[in-house]
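Q: Before I ask anything, here is the structure I am working with.
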Number of protein chains: 2
Amino acid sequence: MKYYIKKLKCLSDETRIRILKVIIQSKTELCVCEIVDSLQIPFYTISKHIKELKNAEILSETKEGKFVLYSFVDKKDDFLNKIIDLIKSIPDEFFSNDIKLLEKRLSIRNNGKCVVGMNENQNL
Amino acid sequence: MKYYIKKLKCLSDETRIRILKVIIQSKTELCVCEIVDSLQIPFYTISKHIKELKNAEILSETKEGKFVLYSFVDKKDDFLNKIIDLIKSIPDEFFSNDIKLLEKRLSIRNNGKCVVGMNENQNL
DNA sequence: ATTATATTTGCTTATATGTGCAAATGAGCG
DNA sequence: CGCTCATTTGCACATATAAGCAAATATAAT
């Protein structure tokens, strides 16, 4: 039961929903700095929310050199898939700025990989 | 956006999930006292959680004499339907006691309507 | 090695949330 | 009307959660 409640608790915060939405949008895994630049929220805040999402077994991490990448865990989990579906059904228009910045950030990737850190306050 | 977040916040509490689960299980509307007896949680706690669920436009209320009945709002809401679906996918075994007590409580209905108040501490 | 960059973590503070109890409301009934 | 029962609400308290900042890791680059 705690397994389910923990996941559901993760859905109760707007920042976490935004994180999940950009990961869905990216269709791959995202680097922390890419999420920071997309949402324009301090890196430590993003990091803490990601920690909870990882702890709830919603996201899983991959290390790639300096960078840490996050994506959804094992797609065979029916409950998690329903959660993803639920988030997908929130209209993109509520995330239009995040998505716009995400696209700009993704366009600086090299061979599909993140190559620069955070730009945070510099206009992308 | 707040519309969505408010609903999602409602999913973050185990008591609220249990309330929603028994309403789903009943396939109709439930009286507050029936929920109290099913979950064996104080009426004021149940009442406050229901208030939030109502506020998030997840549940709607019908008054019937002394009793107040709750059920899900308008079934045409896609997001709400996905939420219901999500809750349905949490295995019944986690709610087996609630469901057992619900069935006992529903069996004292008369013409499908609630006719008695709370039994709370008396073994059903 | 030393430095720079990416990310996490500990500590603090402010706010939100859940629960308990007592009192209030509201609707039927003698 | 006055009483009873179902439900809601206000207040107090304890706990949980989010955010900010500084310091700690970790890895890469020079």
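Labeling convention for the structure tokens: chains A, B, ... as they appear, residues from 1 per chain, ligands from 1 in order of appearance.
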After a least-squares superposition on chain A using every in-order C-alpha pair, I'd like chain B written out as an mmCIF file with N, CA and C atoms, in the first residue's frame.
A:
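Okay, this is what ended up in superposed.cif:
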data_model
loop_
_atom_site.group_PDB
_atom_site.id
_atom_site.type_symbol
_atom_site.label_atom_id
_atom_site.label_comp_id
_atom_site.auth_asym_id
_atom_site.auth_seq_id
_atom_site.Cartn_x
_atom_site.Cartn_y
_atom_site.Cartn_z
ATOM 1 N N MET B 1 0.903 -1.251 -0.014
ATOM 2 C CA MET B 1 0.072 -0.029 -0.016
ATOM 3 C C MET B 1 0.936 1.235 -0.016
ATOM 4 N N LYS B 2 1.967 1.209 0.837
ATOM 5 C CA LYS B 2 2.868 2.372 0.893
ATOM 6 C C LYS B 2 3.480 2.650 -0.476
ATOM 7 N N TYR B 3 3.682 1.585 -1.206
ATOM 8 C CA TYR B 3 4.221 1.683 -2.548
ATOM 9 C C TYR B 3 3.347 2.599 -3.415
ATOM 10 N N TYR B 4 2.050 2.435 -3.278
ATOM 11 C CA TYR B 4 1.109 3.230 -4.062
ATOM 12 C C TYR B 4 0.987 4.647 -3.521
ATOM 13 N N ILE B 5 0.847 4.733 -2.209
ATOM 14 C CA ILE B 5 0.666 6.055 -1.599
ATOM 15 C C ILE B 5 1.880 6.950 -1.845
ATOM 16 N N LYS B 6 3.045 6.361 -1.740
ATOM 17 C CA LYS B 6 4.267 7.133 -1.981
ATOM 18 C C LYS B 6 4.258 7.752 -3.377
ATOM 19 N N LYS B 7 3.858 6.952 -4.355
ATOM 20 C CA LYS B 7 3.785 7.467 -5.722
ATOM 21 C C LYS B 7 2.740 8.574 -5.822
ATOM 22 N N LEU B 8 1.602 8.346 -5.191
ATOM 23 C CA LEU B 8 0.528 9.336 -5.278
ATOM 24 C C LEU B 8 0.919 10.650 -4.595
ATOM 25 N N LYS B 9 1.643 10.534 -3.499
ATOM 26 C CA LYS B 9 2.100 11.745 -2.804
ATOM 27 C C LYS B 9 2.982 12.596 -3.718
ATOM 28 N N CYS B 10 3.735 11.921 -4.551
ATOM 29 C CA CYS B 10 4.604 12.646 -5.477
ATOM 30 C C CYS B 10 3.829 13.513 -6.458
ATOM 31 N N LEU B 11 2.595 13.177 -6.675
ATOM 32 C CA LEU B 11 1.787 13.919 -7.646
ATOM 33 C C LEU B 11 1.183 15.186 -7.049
ATOM 34 N N SER B 12 1.410 15.388 -5.769
ATOM 35 C CA SER B 12 0.732 16.497 -5.096
ATOM 36 C C SER B 12 1.480 17.818 -5.170
ATOM 37 N N ASP B 13 2.594 17.833 -5.841
ATOM 38 C CA ASP B 13 3.359 19.080 -5.928
ATOM 39 C C ASP B 13 3.531 19.516 -7.378
ATOM 40 N N GLU B 14 3.222 20.765 -7.628
ATOM 41 C CA GLU B 14 3.253 21.282 -8.994
ATOM 42 C C GLU B 14 4.636 21.178 -9.629
ATOM 43 N N THR B 15 5.670 21.445 -8.844
ATOM 44 C CA THR B 15 7.031 21.352 -9.387
ATOM 45 C C THR B 15 7.335 19.935 -9.865
ATOM 46 N N ARG B 16 6.915 18.949 -9.065
ATOM 47 C CA ARG B 16 7.166 17.560 -9.479
ATOM 48 C C ARG B 16 6.400 17.210 -10.745
ATOM 49 N N ILE B 17 5.182 17.714 -10.846
ATOM 50 C CA ILE B 17 4.400 17.464 -12.066
ATOM 51 C C ILE B 17 5.107 18.079 -13.276
ATOM 52 N N ARG B 18 5.634 19.274 -13.075
ATOM 53 C CA ARG B 18 6.350 19.929 -14.179
ATOM 54 C C ARG B 18 7.586 19.132 -14.580
ATOM 55 N N ILE B 19 8.299 18.600 -13.587
ATOM 56 C CA ILE B 19 9.469 17.764 -13.878
ATOM 57 C C ILE B 19 9.055 16.548 -14.703
ATOM 58 N N LEU B 20 8.000 15.887 -14.241
ATOM 59 C CA LEU B 20 7.548 14.685 -14.944
ATOM 60 C C LEU B 20 7.082 15.024 -16.361
ATOM 61 N N LYS B 21 6.397 16.153 -16.462
ATOM 62 C CA LYS B 21 5.886 16.558 -17.777
ATOM 63 C C LYS B 21 7.018 16.802 -18.782
ATOM 64 N N VAL B 22 8.077 17.471 -18.366
ATOM 65 C CA VAL B 22 9.161 17.700 -19.329
ATOM 66 C C VAL B 22 9.892 16.403 -19.683
ATOM 67 N N ILE B 23 9.970 15.493 -18.730
ATOM 68 C CA ILE B 23 10.593 14.204 -19.060
ATOM 69 C C ILE B 23 9.735 13.450 -20.075
ATOM 70 N N ILE B 24 8.423 13.473 -19.849
ATOM 71 C CA ILE B 24 7.504 12.855 -20.813
ATOM 72 C C ILE B 24 7.689 13.505 -22.180
ATOM 73 N N GLN B 25 7.695 14.823 -22.153
ATOM 74 C CA GLN B 25 7.803 15.603 -23.375
ATOM 75 C C GLN B 25 9.087 15.280 -24.164
ATOM 76 N N SER B 26 10.160 15.072 -23.430
ATOM 77 C CA SER B 26 11.466 14.822 -24.062
ATOM 78 C C SER B 26 11.517 13.463 -24.750
ATOM 79 N N LYS B 27 10.645 12.567 -24.321
ATOM 80 C CA LYS B 27 10.600 11.198 -24.853
ATOM 81 C C LYS B 27 11.881 10.414 -24.597
ATOM 82 N N THR B 28 12.801 10.976 -23.834
ATOM 83 C CA THR B 28 14.019 10.249 -23.457
ATOM 84 C C THR B 28 14.332 10.522 -22.005
ATOM 85 N N GLU B 29 15.602 10.481 -21.686
ATOM 86 C CA GLU B 29 16.018 10.828 -20.342
ATOM 87 C C GLU B 29 16.550 12.249 -20.358
ATOM 88 N N LEU B 30 16.382 12.928 -19.229
ATOM 89 C CA LEU B 30 16.853 14.310 -19.161
ATOM 90 C C LEU B 30 17.898 14.457 -18.071
ATOM 91 N N CYS B 31 18.824 15.341 -18.348
ATOM 92 C CA CYS B 31 19.864 15.695 -17.392
ATOM 93 C C CYS B 31 19.272 16.714 -16.408
ATOM 94 N N VAL B 32 19.730 16.665 -15.154
ATOM 95 C CA VAL B 32 19.228 17.603 -14.144
ATOM 96 C C VAL B 32 19.317 19.050 -14.628
ATOM 97 N N CYS B 33 20.454 19.404 -15.226
ATOM 98 C CA CYS B 33 20.634 20.794 -15.653
ATOM 99 C C CYS B 33 19.651 21.183 -16.747
ATOM 100 N N GLU B 34 19.251 20.212 -17.537
ATOM 101 C CA GLU B 34 18.260 20.503 -18.584
ATOM 102 C C GLU B 34 16.890 20.770 -17.965
ATOM 103 N N ILE B 35 16.599 20.045 -16.902
ATOM 104 C CA ILE B 35 15.336 20.264 -16.206
ATOM 105 C C ILE B 35 15.350 21.634 -15.527
ATOM 106 N N VAL B 36 16.481 21.939 -14.875
ATOM 107 C CA VAL B 36 16.621 23.232 -14.212
ATOM 108 C C VAL B 36 16.392 24.371 -15.203
ATOM 109 N N ASP B 37 17.040 24.282 -16.353
ATOM 110 C CA ASP B 37 16.900 25.341 -17.351
ATOM 111 C C ASP B 37 15.494 25.400 -17.948
ATOM 112 N N SER B 38 14.824 24.281 -18.036
ATOM 113 C CA SER B 38 13.467 24.276 -18.589
ATOM 114 C C SER B 38 12.479 24.906 -17.626
ATOM 115 N N LEU B 39 12.599 24.566 -16.372
ATOM 116 C CA LEU B 39 11.622 25.046 -15.393
ATOM 117 C C LEU B 39 12.027 26.359 -14.742
ATOM 118 N N GLN B 40 13.307 26.718 -14.863
ATOM 119 C CA GLN B 40 13.818 27.931 -14.221
ATOM 120 C C GLN B 40 13.542 27.949 -12.720
ATOM 121 N N ILE B 41 13.881 26.854 -12.119
ATOM 122 C CA ILE B 41 13.733 26.679 -10.680
ATOM 123 C C ILE B 41 15.115 26.266 -10.165
ATOM 124 N N PRO B 42 15.543 26.756 -8.978
ATOM 125 C CA PRO B 42 16.883 26.457 -8.469
ATOM 126 C C PRO B 42 17.233 24.975 -8.502
ATOM 127 N N PHE B 43 18.488 24.695 -8.807
ATOM 128 C CA PHE B 43 18.935 23.304 -8.948
ATOM 129 C C PHE B 43 18.719 22.472 -7.699
ATOM 130 N N TYR B 44 18.891 23.091 -6.522
ATOM 131 C CA TYR B 44 18.723 22.291 -5.313
ATOM 132 C C TYR B 44 17.268 21.918 -5.093
ATOM 133 N N THR B 45 16.379 22.771 -5.515
ATOM 134 C CA THR B 45 14.950 22.434 -5.413
ATOM 135 C C THR B 45 14.622 21.271 -6.346
ATOM 136 N N ILE B 46 15.085 21.396 -7.584
ATOM 137 C CA ILE B 46 14.863 20.323 -8.548
ATOM 138 C C ILE B 46 15.468 19.026 -8.023
ATOM 139 N N SER B 47 16.677 19.111 -7.522
ATOM 140 C CA SER B 47 17.366 17.924 -7.039
ATOM 141 C C SER B 47 16.577 17.216 -5.934
ATOM 142 N N LYS B 48 16.033 18.010 -5.032
ATOM 143 C CA LYS B 48 15.282 17.403 -3.931
ATOM 144 C C LYS B 48 13.986 16.755 -4.400
ATOM 145 N N HIS B 49 13.324 17.394 -5.339
ATOM 146 C CA HIS B 49 12.088 16.797 -5.861
ATOM 147 C C HIS B 49 12.398 15.516 -6.623
ATOM 148 N N ILE B 50 13.488 15.539 -7.375
ATOM 149 C CA ILE B 50 13.883 14.336 -8.111
ATOM 150 C C ILE B 50 14.186 13.209 -7.137
ATOM 151 N N LYS B 51 14.795 13.568 -6.029
ATOM 152 C CA LYS B 51 15.119 12.563 -5.021
ATOM 153 C C LYS B 51 13.850 11.838 -4.557
ATOM 154 N N GLU B 52 12.801 12.602 -4.338
ATOM 155 C CA GLU B 52 11.532 11.996 -3.927
ATOM 156 C C GLU B 52 10.946 11.107 -5.014
ATOM 157 N N LEU B 53 11.031 11.588 -6.239
ATOM 158 C CA LEU B 53 10.496 10.823 -7.361
ATOM 159 C C LEU B 53 11.258 9.513 -7.547
ATOM 160 N N LYS B 54 12.545 9.570 -7.222
ATOM 161 C CA LYS B 54 13.394 8.389 -7.308
ATOM 162 C C LYS B 54 13.024 7.444 -6.163
ATOM 163 N N ASN B 55 12.851 8.043 -5.013
ATOM 164 C CA ASN B 55 12.495 7.286 -3.819
ATOM 165 C C ASN B 55 11.148 6.573 -3.971
ATOM 166 N N ALA B 56 10.253 7.179 -4.723
ATOM 167 C CA ALA B 56 8.932 6.595 -4.950
ATOM 168 C C ALA B 56 8.960 5.625 -6.123
ATOM 169 N N GLU B 57 10.134 5.393 -6.635
ATOM 170 C CA GLU B 57 10.312 4.495 -7.780
ATOM 171 C C GLU B 57 9.524 4.923 -9.004
ATOM 172 N N ILE B 58 9.521 6.229 -9.202
ATOM 173 C CA ILE B 58 8.900 6.771 -10.413
ATOM 174 C C ILE B 58 9.997 7.057 -11.432
ATOM 175 N N LEU B 59 11.070 7.648 -10.956
ATOM 176 C CA LEU B 59 12.198 7.938 -11.842
ATOM 177 C C LEU B 59 13.387 7.049 -11.493
ATOM 178 N N SER B 60 14.209 6.789 -12.496
ATOM 179 C CA SER B 60 15.461 6.081 -12.220
ATOM 180 C C SER B 60 16.599 6.877 -12.834
ATOM 181 N N GLU B 61 17.776 6.684 -12.276
ATOM 182 C CA GLU B 61 18.893 7.517 -12.692
ATOM 183 C C GLU B 61 19.970 6.753 -13.440
ATOM 184 N N THR B 62 20.621 7.474 -14.334
ATOM 185 C CA THR B 62 21.762 6.941 -15.081
ATOM 186 C C THR B 62 22.867 7.984 -14.962
ATOM 187 N N LYS B 63 24.069 7.559 -14.659
ATOM 188 C CA LYS B 63 25.161 8.536 -14.621
ATOM 189 C C LYS B 63 25.909 8.502 -15.932
ATOM 190 N N GLU B 64 26.227 9.679 -16.387
ATOM 191 C CA GLU B 64 26.978 9.759 -17.628
ATOM 192 C C GLU B 64 28.028 10.841 -17.443
ATOM 193 N N GLY B 65 29.180 10.432 -16.974
ATOM 194 C CA GLY B 65 30.250 11.391 -16.686
ATOM 195 C C GLY B 65 29.796 12.364 -15.621
ATOM 196 N N LYS B 66 29.962 13.625 -15.907
ATOM 197 C CA LYS B 66 29.578 14.692 -14.990
ATOM 198 C C LYS B 66 28.077 14.758 -14.787
ATOM 199 N N PHE B 67 27.337 14.273 -15.745
ATOM 200 C CA PHE B 67 25.897 14.464 -15.751
ATOM 201 C C PHE B 67 25.110 13.297 -15.159
ATOM 202 N N VAL B 68 23.955 13.626 -14.614
ATOM 203 C CA VAL B 68 23.056 12.583 -14.104
ATOM 204 C C VAL B 68 21.746 12.692 -14.876
ATOM 205 N N LEU B 69 21.358 11.592 -15.454
ATOM 206 C CA LEU B 69 20.163 11.589 -16.301
ATOM 207 C C LEU B 69 19.015 10.870 -15.611
ATOM 208 N N TYR B 70 17.814 11.373 -15.823
ATOM 209 C CA TYR B 70 16.638 10.746 -15.228
ATOM 210 C C TYR B 70 15.601 10.395 -16.273
ATOM 211 N N SER B 71 14.973 9.255 -16.036
ATOM 212 C CA SER B 71 13.855 8.841 -16.891
ATOM 213 C C SER B 71 12.925 7.981 -16.048
ATOM 214 N N PHE B 72 11.792 7.618 -16.583
ATOM 215 C CA PHE B 72 10.852 6.789 -15.841
ATOM 216 C C PHE B 72 11.404 5.382 -15.674
ATOM 217 N N VAL B 73 11.061 4.745 -14.574
ATOM 218 C CA VAL B 73 11.527 3.374 -14.368
ATOM 219 C C VAL B 73 10.712 2.418 -15.232
ATOM 220 N N ASP B 74 11.167 1.202 -15.245
ATOM 221 C CA ASP B 74 10.536 0.067 -15.910
ATOM 222 C C ASP B 74 9.097 0.284 -16.391
ATOM 223 N N LYS B 75 8.943 0.268 -17.657
ATOM 224 C CA LYS B 75 7.644 0.568 -18.257
ATOM 225 C C LYS B 75 6.597 -0.525 -18.047
ATOM 226 N N LYS B 76 6.982 -1.615 -17.410
ATOM 227 C CA LYS B 76 6.027 -2.702 -17.240
ATOM 228 C C LYS B 76 5.104 -2.486 -16.032
ATOM 229 N N ASP B 77 5.397 -1.442 -15.268
ATOM 230 C CA ASP B 77 4.595 -1.165 -14.080
ATOM 231 C C ASP B 77 3.275 -0.494 -14.464
ATOM 232 N N ASP B 78 2.193 -1.226 -14.299
ATOM 233 C CA ASP B 78 0.882 -0.757 -14.724
ATOM 234 C C ASP B 78 0.459 0.519 -14.005
ATOM 235 N N PHE B 79 0.707 0.542 -12.706
ATOM 236 C CA PHE B 79 0.301 1.713 -11.922
ATOM 237 C C PHE B 79 1.066 2.954 -12.375
ATOM 238 N N LEU B 80 2.362 2.790 -12.567
ATOM 239 C CA LEU B 80 3.176 3.909 -13.035
ATOM 240 C C LEU B 80 2.729 4.379 -14.416
ATOM 241 N N ASN B 81 2.411 3.428 -15.272
ATOM 242 C CA ASN B 81 1.951 3.804 -16.605
ATOM 243 C C ASN B 81 0.665 4.608 -16.554
ATOM 244 N N LYS B 82 -0.200 4.260 -15.623
ATOM 245 C CA LYS B 82 -1.445 5.015 -15.480
ATOM 246 C C LYS B 82 -1.142 6.425 -14.980
ATOM 247 N N ILE B 83 -0.160 6.535 -14.105
ATOM 248 C CA ILE B 83 0.237 7.855 -13.604
ATOM 249 C C ILE B 83 0.778 8.717 -14.745
ATOM 250 N N ILE B 84 1.619 8.104 -15.566
ATOM 251 C CA ILE B 84 2.172 8.833 -16.706
ATOM 252 C C ILE B 84 1.049 9.292 -17.627
ATOM 253 N N ASP B 85 0.103 8.399 -17.831
ATOM 254 C CA ASP B 85 -1.037 8.705 -18.668
ATOM 255 C C ASP B 85 -1.854 9.869 -18.098
ATOM 256 N N LEU B 86 -1.992 9.849 -16.789
ATOM 257 C CA LEU B 86 -2.735 10.913 -16.107
ATOM 258 C C LEU B 86 -2.062 12.260 -16.323
ATOM 259 N N ILE B 87 -0.752 12.285 -16.152
ATOM 260 C CA ILE B 87 -0.009 13.533 -16.325
ATOM 261 C C ILE B 87 -0.060 13.995 -17.781
ATOM 262 N N LYS B 88 0.016 13.026 -18.680
ATOM 263 C CA LYS B 88 -0.081 13.370 -20.106
ATOM 264 C C LYS B 88 -1.390 14.079 -20.412
ATOM 265 N N SER B 89 -2.425 13.705 -19.670
ATOM 266 C CA SER B 89 -3.732 14.271 -19.993
ATOM 267 C C SER B 89 -3.944 15.687 -19.457
ATOM 268 N N ILE B 90 -2.973 16.207 -18.715
ATOM 269 C CA ILE B 90 -3.041 17.635 -18.368
ATOM 270 C C ILE B 90 -2.566 18.394 -19.605
ATOM 271 N N PRO B 91 -3.398 19.312 -20.107
ATOM 272 C CA PRO B 91 -3.070 19.975 -21.374
ATOM 273 C C PRO B 91 -1.684 20.639 -21.390
ATOM 274 N N ASP B 92 -0.985 20.491 -22.497
ATOM 275 C CA ASP B 92 0.348 21.076 -22.671
ATOM 276 C C ASP B 92 0.377 22.580 -22.463
ATOM 277 N N GLU B 93 -0.744 23.221 -22.730
ATOM 278 C CA GLU B 93 -0.755 24.686 -22.623
ATOM 279 C C GLU B 93 -0.340 25.190 -21.243
ATOM 280 N N PHE B 94 -0.567 24.367 -20.215
ATOM 281 C CA PHE B 94 -0.173 24.798 -18.878
ATOM 282 C C PHE B 94 1.336 24.734 -18.672
ATOM 283 N N PHE B 95 2.004 24.108 -19.601
ATOM 284 C CA PHE B 95 3.447 23.916 -19.478
ATOM 285 C C PHE B 95 4.166 24.544 -20.660
ATOM 286 N N SER B 96 3.484 25.434 -21.361
ATOM 287 C CA SER B 96 4.039 25.904 -22.635
ATOM 288 C C SER B 96 5.408 26.549 -22.472
ATOM 289 N N ASN B 97 5.610 27.289 -21.397
ATOM 290 C CA ASN B 97 6.917 27.911 -21.220
ATOM 291 C C ASN B 97 8.006 26.877 -20.933
ATOM 292 N N ASP B 98 7.684 25.935 -20.060
ATOM 293 C CA ASP B 98 8.630 24.860 -19.751
ATOM 294 C C ASP B 98 9.031 24.118 -21.017
ATOM 295 N N ILE B 99 8.029 23.813 -21.825
ATOM 296 C CA ILE B 99 8.268 23.033 -23.038
ATOM 297 C C ILE B 99 9.098 23.820 -24.049
ATOM 298 N N LYS B 100 8.791 25.095 -24.127
ATOM 299 C CA LYS B 100 9.556 25.963 -25.050
ATOM 300 C C LYS B 100 11.030 25.991 -24.639
ATOM 301 N N LEU B 101 11.277 26.197 -23.352
ATOM 302 C CA LEU B 101 12.657 26.248 -22.864
ATOM 303 C C LEU B 101 13.337 24.888 -22.978
ATOM 304 N N LEU B 102 12.558 23.836 -22.755
ATOM 305 C CA LEU B 102 13.111 22.488 -22.921
ATOM 306 C C LEU B 102 13.621 22.291 -24.338
ATOM 307 N N GLU B 103 12.803 22.709 -25.299
ATOM 308 C CA GLU B 103 13.212 22.518 -26.692
ATOM 309 C C GLU B 103 14.477 23.293 -27.027
ATOM 310 N N LYS B 104 14.555 24.505 -26.508
ATOM 311 C CA LYS B 104 15.781 25.288 -26.728
ATOM 312 C C LYS B 104 16.984 24.575 -26.112
ATOM 313 N N ARG B 105 16.755 24.050 -24.904
ATOM 314 C CA ARG B 105 17.854 23.365 -24.205
ATOM 315 C C ARG B 105 18.269 22.104 -24.960
ATOM 316 N N LEU B 106 17.287 21.365 -25.425
ATOM 317 C CA LEU B 106 17.602 20.113 -26.118
ATOM 318 C C LEU B 106 18.329 20.369 -27.434
ATOM 319 N N SER B 107 18.102 21.541 -27.996
ATOM 320 C CA SER B 107 18.734 21.846 -29.286
ATOM 321 C C SER B 107 20.241 22.069 -29.155
ATOM 322 N N ILE B 108 20.704 22.282 -27.902
ATOM 323 C CA ILE B 108 22.165 22.419 -27.736
ATOM 324 C C ILE B 108 22.827 21.080 -27.429
ATOM 325 N N ARG B 109 22.057 19.999 -27.461
ATOM 326 C CA ARG B 109 22.674 18.698 -27.245
ATOM 327 C C ARG B 109 23.598 18.367 -28.409
ATOM 328 N N ASN B 110 24.538 17.471 -28.125
ATOM 329 C CA ASN B 110 25.461 17.046 -29.161
ATOM 330 C C ASN B 110 25.355 15.532 -29.289
ATOM 331 N N ASN B 111 24.989 15.079 -30.450
ATOM 332 C CA ASN B 111 24.741 13.645 -30.637
ATOM 333 C C ASN B 111 23.679 13.134 -29.668
ATOM 334 N N GLY B 112 22.696 13.971 -29.424
ATOM 335 C CA GLY B 112 21.618 13.576 -28.523
ATOM 336 C C GLY B 112 22.024 13.528 -27.062
ATOM 337 N N LYS B 113 23.197 14.066 -26.753
ATOM 338 C CA LYS B 113 23.644 14.039 -25.366
ATOM 339 C C LYS B 113 23.887 15.445 -24.829
ATOM 340 N N CYS B 114 23.604 15.566 -23.541
ATOM 341 C CA CYS B 114 23.806 16.848 -22.870
ATOM 342 C C CYS B 114 25.296 17.167 -22.808
ATOM 343 N N VAL B 115 25.653 18.354 -23.223
ATOM 344 C CA VAL B 115 27.076 18.709 -23.215
ATOM 345 C C VAL B 115 27.408 19.973 -22.409
ATOM 346 N N VAL B 116 26.383 20.701 -22.025
ATOM 347 C CA VAL B 116 26.654 21.899 -21.219
ATOM 348 C C VAL B 116 25.844 21.885 -19.928
ATOM 349 N N GLY B 117 26.331 22.575 -18.915
ATOM 350 C CA GLY B 117 25.662 22.634 -17.622
ATOM 351 C C GLY B 117 24.522 23.626 -17.614
ATOM 352 N N MET B 118 24.272 24.158 -16.452
ATOM 353 C CA MET B 118 23.131 25.054 -16.311
ATOM 354 C C MET B 118 23.399 26.449 -16.830
ATOM 355 N N ASN B 119 22.406 27.016 -17.480
ATOM 356 C CA ASN B 119 22.491 28.415 -17.897
ATOM 357 C C ASN B 119 21.607 29.273 -17.006
ATOM 358 N N GLU B 120 20.842 28.581 -16.228
ATOM 359 C CA GLU B 120 19.888 29.169 -15.291
ATOM 360 C C GLU B 120 19.418 30.588 -15.604
ATOM 361 N N ASN B 121 20.209 31.586 -15.207
ATOM 362 C CA ASN B 121 19.699 32.946 -15.358
ATOM 363 C C ASN B 121 20.034 33.627 -16.683
ATOM 364 N N GLN B 122 20.875 32.988 -17.442
ATOM 365 C CA GLN B 122 21.145 33.563 -18.755
ATOM 366 C C GLN B 122 20.004 33.168 -19.683
ATOM 367 N N ASN B 123 19.468 34.133 -20.355
ATOM 368 C CA ASN B 123 18.376 33.793 -21.281
ATOM 369 C C ASN B 123 18.842 32.761 -22.292
ATOM 370 N N LEU B 124 18.115 31.722 -22.356
ATOM 371 C CA LEU B 124 18.464 30.662 -23.312
ATOM 372 C C LEU B 124 18.232 31.152 -24.727
#
Q: With only C-alpha atoms (C1' of nucleotides) as the counted atoms, please give the residues lying no more than 12 Å from DT15 of chain D, apart from itself and same-chain residues fewer than 4 positions off, as a list in words.
A: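 Contacts, with the query itself left out: DA16, DT17, DG18 and DT19 of chain C.
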Q: DSSP on the backbone, then: every residue of chain A marked strand (DSSP E), written as a count of residues only.
A: 14
Q: Give me, as number ranges by chain, the contact residues of chain D against chain A at a cut-off of 10 Å, counting only C-alpha atoms (C1' of nucleotides).
A: D: 17-21, 26-28
Q: Applying 12 Å and only C-alpha atoms (C1' of nucleotides), which residues near DA23 of chain D remain after dropping the ones on its own chain fewer than 2 positions away? List them as a ChimeraX atom specification.
A: /C:8-11 /D:21,25
Q: Could the residues in this selection be saved with N, CA and C atoms (P, O5', C5', C4', C3', O3' and C1' of nucleotides) as a short mmCIF file (atom, residue, chain, number, x, y, z; two decimals), in the first residue's frame?
A:
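Final file, selection-v6.cif:
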data_model
loop_
_atom_site.label_atom_id
_atom_site.label_comp_id
_atom_site.auth_asym_id
_atom_site.auth_seq_id
_atom_site.Cartn_x
_atom_site.Cartn_y
_atom_site.Cartn_z
P DT C 8 21.15 14.84 -8.19
"O5'" DT C 8 21.76 14.89 -6.71
"C5'" DT C 8 22.89 14.06 -6.40
"C4'" DT C 8 23.30 14.29 -4.96
"C3'" DT C 8 22.18 14.14 -3.93
"O3'" DT C 8 22.68 13.26 -2.92
"C1'" DT C 8 23.32 16.18 -3.60
P DT C 9 21.70 12.74 -1.76
"O5'" DT C 9 22.07 13.74 -0.56
"C5'" DT C 9 23.42 13.87 -0.18
"C4'" DT C 9 23.54 14.90 0.92
"C3'" DT C 9 22.43 14.82 1.99
"O3'" DT C 9 23.05 14.82 3.25
"C1'" DT C 9 22.67 17.03 1.22
P DG C 10 22.31 14.40 4.57
"O5'" DG C 10 22.53 15.70 5.47
"C5'" DG C 10 23.85 16.24 5.63
"C4'" DG C 10 23.76 17.54 6.40
"C3'" DG C 10 22.74 17.54 7.53
"O3'" DG C 10 23.30 18.27 8.62
"C1'" DG C 10 22.17 19.23 5.95
P DC C 11 22.54 18.31 10.05
"O5'" DC C 11 22.04 19.83 10.05
"C5'" DC C 11 22.93 20.88 9.66
"C4'" DC C 11 22.17 22.18 9.57
"C3'" DC C 11 21.01 22.28 10.58
"O3'" DC C 11 21.06 23.54 11.22
"C1'" DC C 11 20.23 22.74 8.41
P DC D 21 18.51 32.31 -1.13
"O5'" DC D 21 19.73 31.73 -0.27
"C5'" DC D 21 19.75 31.96 1.12
"C4'" DC D 21 20.83 31.10 1.76
"C3'" DC D 21 22.14 31.08 0.95
"O3'" DC D 21 23.22 31.33 1.83
"C1'" DC D 21 21.45 28.90 1.48
P DT D 25 31.61 14.98 2.51
"O5'" DT D 25 31.20 14.15 1.20
"C5'" DT D 25 31.04 14.85 0.02
"C4'" DT D 25 30.27 14.03 -0.97
"C3'" DT D 25 31.17 13.13 -1.80
"O3'" DT D 25 30.43 12.03 -2.32
"C1'" DT D 25 30.40 14.97 -3.10
#
Q: Pick out each residue of segment 32-63 of chain B that DSSP on the backbone tags as alpha helix (DSSP H); I need them as a ChimeraX atom specification.
A: /B:32-39,43-55
Q: In Å to one decimal, how far is atom C1' of DC13 of chain D from atom C1' of DA24 of chain C?
A: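 Atom C1' of DA24 of chain C sits 21.3 Å away from atom C1' of DC13 of chain D.
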Q: In Å, with one decimal, what is the gap from atom C1' of DC3 of chain D to atom C1' of DA22 of chain C?
A: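 Spanning atom C1' of DC3 of chain D to atom C1' of DA22 of chain C is a straight-line distance of 19.4 Å.
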Q: Could you list, as a PyMOL selection string, every residue of chain C that has an atom within 8 Å of an atom of chain A, counting only C-alpha atoms (C1' of nucleotides)?
A: chain C and resi 5-8
Q: Could you pull the residues within 9 Å of DT25 of chain C, counting only C-alpha atoms (C1' of nucleotides), minus those fewer than 5 positions along the same chain, as a ChimeraX atom specification?
A: /D:7-9
